[in-house]
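Chemist: Got a structure here, written out as structure tokens. Questions coming.
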Amino acid sequence: MRSFMGRDILSLKDFEREEFFRVFQVAKDLEPIARDRRNSELLKAKTMVTAFYQPSTRTRLAHEAAMHRLGGHVTGFADAKMTRAGDFYQESIKDTVKMLEFYGDVIVMRHFQQGAPHEAAKWASIPVINGGDGWGEHPTQILTDLYTVFSEKGRIDGLKWVAVGDMRMRTMHSLAYALTQFDCPITFVSPPEMGLTAEFKAELQQYSLNFTEADHVEKAIAAADVILVEPVVQPDYTKSRDERRGDVGLTPANYKITRELLAGKAKSDAILLHSLPRMDEIPPDVDITRWSRYWQEAFNGVVMRMALLALVLGAVE
Ligand code: CP
């Protein structure tokens, strides 16, 4: 297996099967620190730089919390408008990361341009972690989700998935790439205008992903062990900010997970994931059902970032 030390985490297309299990193992080892709300000293000599060009609640703060739990330091920006990248100068990614690499030991970047973290990694002498790039990928979120499934079910292979939402979403791309490494059939349920592109489908076929598509979650949910949901009422992920203006509409029943649907059609032991934020696709009354795991997923978001930071910074091999 390749070493994680010094490695960029840009895409799950880069991940080999055994590397997933190595990351899960490190997460499991470090999980007690987060569960006990302790801070350790594993990364006490290291600093993480966050470079967030798009809004975030979970990804930035989970990375920061992870760094604190490991005794490390944190600096960075959450609003590029307050940096030279976001004002008159429109400073390039190259010029920005050629500064940031001297301010810390790892960079976590979220950007509205697909491929921006890859461009950063080209120039930075320290590891770059992709915290979500436009419609591109969101590898740390899907590693979190897979770790949640692994923790809950004790395995990944043999589980059937249904993914509901906008297939342009970066999480969906990382999920599809990740599942190519496992025996996991998946059905994608999305509005036609938000479906998998022909190009992406051809790529998934090349990787032998066992996938189908459906137009209504009711047609696919009964077989699913894992139900992963994203909104179809979405902002434009290619913008640095997309302010809500007026009525944004409601989620059609085809892409909505209700208590009634779960009780009537889902497997009794299926688990429901949502990386959040949500609109109305999962109503709040689903939170208190045996299917929901999104708060567990939120906790695991810290644990997974602890594992990734410890690995790329060489604190564990
Ligand atoms: N799931 C996720 O990426 O959330 P944030 O946009 O709040 O980081």
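By convention here, the chains of the structure tokens are called A, B, ... in the order presented, each chain's residues are numbered starting at 1, and ligands are numbered starting at 1 in the order presented.
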Go through segment 180-241 of chain A and flag each residue having an atom no more than 12 Å from segment 52-74 of chain A; for those, report the closest pair of atoms plus their distance in Å to one decimal, using only C-alpha atoms, ordered by chain and rising number, as CSV.

Modeler:
residue,atom,partner,partner_atom,distance
A:Pro235,CA,A:Pro55,CA,11.2
A:Asp236,CA,A:Gln54,CA,11.0
A:Tyr237,CA,A:Gln54,CA,8.6
A:Thr238,CA,A:Gln54,CA,9.4
A:Lys239,CA,A:Gln54,CA,7.8
A:Ser240,CA,A:Gln54,CA,5.0
A:Arg241,CA,A:Gln54,CA,6.3

Chemist: Skipping near chain neighbours, those fewer than 3 positions away, what residues fall within 10 Å of segment 86-102 of chain A using only C-alpha atoms, listed as a list in words?

Modeler: Met48, Val49, Thr50, Ala51, Tyr53, Thr75, Gly76, Asp79, Ala80, Lys81, Met82, Thr83, Asp105, Val106, Ile107, Ala116, Pro117, Glu119, Ala120, Ala121, Lys122, Trp123, Ala124, Ser125, Ile126, Pro127, Val128 and Ser240 of chain A

Chemist: Per residue of chain A within 12 Å of ligand 1, what are the shortest atom pair and its distance in Å to one decimal, counting only C-alpha atoms and all ligand atoms, with rows by chain and residue number, as CSV?

Modeler:
residue,atom,partner,partner_atom_place_in_ligand_line,distance
A:Phe52,CA,ligand 1,8 (O),9.7
A:Tyr53,CA,ligand 1,6 (O),11.4
A:Gln54,CA,ligand 1,6 (O),8.3
A:Pro55,CA,ligand 1,6 (O),6.3
A:Ser56,CA,ligand 1,8 (O),3.8
A:Thr57,CA,ligand 1,7 (O),3.4
A:Arg58,CA,ligand 1,8 (O),3.9
A:Thr59,CA,ligand 1,8 (O),3.7
A:Arg60,CA,ligand 1,8 (O),6.0
A:Leu61,CA,ligand 1,8 (O),7.8
A:Ala62,CA,ligand 1,8 (O),8.3
A:His63,CA,ligand 1,8 (O),9.8
A:Glu64,CA,ligand 1,8 (O),11.7
A:Ala78,CA,ligand 1,8 (O),11.0
A:Val108,CA,ligand 1,8 (O),11.7
A:Met109,CA,ligand 1,8 (O),11.0
A:Arg110,CA,ligand 1,8 (O),8.7
A:His111,CA,ligand 1,6 (O),11.1
A:Phe112,CA,ligand 1,6 (O),11.6
A:Asn130,CA,ligand 1,3 (O),10.8
A:Gly131,CA,ligand 1,3 (O),7.4
A:Gly132,CA,ligand 1,3 (O),7.0
A:Asp133,CA,ligand 1,3 (O),10.3
A:Gly134,CA,ligand 1,6 (O),11.3
A:Trp135,CA,ligand 1,3 (O),11.9
A:Glu137,CA,ligand 1,3 (O),10.4
A:His138,CA,ligand 1,3 (O),7.4
A:Pro139,CA,ligand 1,3 (O),9.9
A:Thr140,CA,ligand 1,3 (O),8.8
A:Gln141,CA,ligand 1,1 (N),6.4
A:Ile142,CA,ligand 1,1 (N),9.3
A:Leu143,CA,ligand 1,1 (N),11.7
A:Thr144,CA,ligand 1,1 (N),9.9
A:Asp145,CA,ligand 1,1 (N),10.2
A:Met169,CA,ligand 1,3 (O),10.5
A:Arg170,CA,ligand 1,3 (O),9.3
A:Thr171,CA,ligand 1,3 (O),8.3
A:Met172,CA,ligand 1,1 (N),11.8
A:Val229,CA,ligand 1,1 (N),11.2
A:Glu230,CA,ligand 1,1 (N),9.4
A:Pro231,CA,ligand 1,1 (N),11.2
A:Gln234,CA,ligand 1,6 (O),11.7
A:Pro235,CA,ligand 1,6 (O),11.1
A:Tyr237,CA,ligand 1,6 (O),10.3
A:Arg241,CA,ligand 1,6 (O),11.7
A:Leu273,CA,ligand 1,1 (N),10.9
A:His274,CA,ligand 1,1 (N),8.0
A:Ser275,CA,ligand 1,1 (N),4.3
A:Leu276,CA,ligand 1,1 (N),4.9
A:Pro277,CA,ligand 1,4 (O),5.9
A:Arg278,CA,ligand 1,1 (N),9.3
A:Tyr294,CA,ligand 1,1 (N),10.3
A:Trp295,CA,ligand 1,1 (N),11.8
A:Glu297,CA,ligand 1,1 (N),9.8
A:Ala298,CA,ligand 1,1 (N),8.7
A:Asn300,CA,ligand 1,1 (N),11.9
A:Gly301,CA,ligand 1,1 (N),9.0
A:Val302,CA,ligand 1,8 (O),11.8

Chemist: Do you have the atom CA of Glu260 of chain A-atom CA of Pro192 of chain A distance handy?

Modeler: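 These two atoms are separated by 24.7 Å.
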
Chemist: Which distance in Å separates atom CA of Ala315 of chain A and atom CA of Phe20 of chain A, to one decimal?

Modeler: 17.7 Å

Chemist: Using only C-alpha atoms, find each residue of segment 230-303 of chain A with at least one atom at most 7 Å away from an atom of segment 216-226 of chain A; report its shortest atom-to-atom pair and that distance in Å (one decimal), sort the rows by chain and rising residue number, and return the result as a Markdown table.

Modeler:
| residue | atom | partner | partner_atom | distance |
| --- | --- | --- | --- | --- |
| A:Asn254 | CA | A:His216 | CA | 4.3 |
| A:Tyr255 | CA | A:Val217 | CA | 6.0 |
| A:Lys265 | CA | A:Ala222 | CA | 5.2 |
| A:Ala266 | CA | A:Ala222 | CA | 4.8 |
| A:Lys267 | CA | A:Ala222 | CA | 6.0 |
| A:Ala270 | CA | A:Asp225 | CA | 4.4 |
| A:Ile271 | CA | A:Val226 | CA | 5.0 |
| A:Leu272 | CA | A:Val226 | CA | 6.1 |

Chemist: Go ahead and write the selection's residues with C-alpha atoms as a PDB file, in the first residue's frame.

Modeler:
ATOM      1  CA  ASN A 254     -39.714  11.345  -6.019  1.00  0.00           C
ATOM      2  CA  TYR A 255     -36.640  12.575  -4.163  1.00  0.00           C
ATOM      3  CA  LYS A 265     -40.941   0.399   2.165  1.00  0.00           C
ATOM      4  CA  ALA A 266     -37.424   0.528   3.661  1.00  0.00           C
ATOM      5  CA  LYS A 267     -35.604  -2.443   5.158  1.00  0.00           C
ATOM      6  CA  ALA A 270     -31.345   0.158   6.507  1.00  0.00           C
ATOM      7  CA  ILE A 271     -29.416   3.286   7.445  1.00  0.00           C
ATOM      8  CA  LEU A 272     -30.111   6.798   6.195  1.00  0.00           C
TER       9      LEU A 272
END
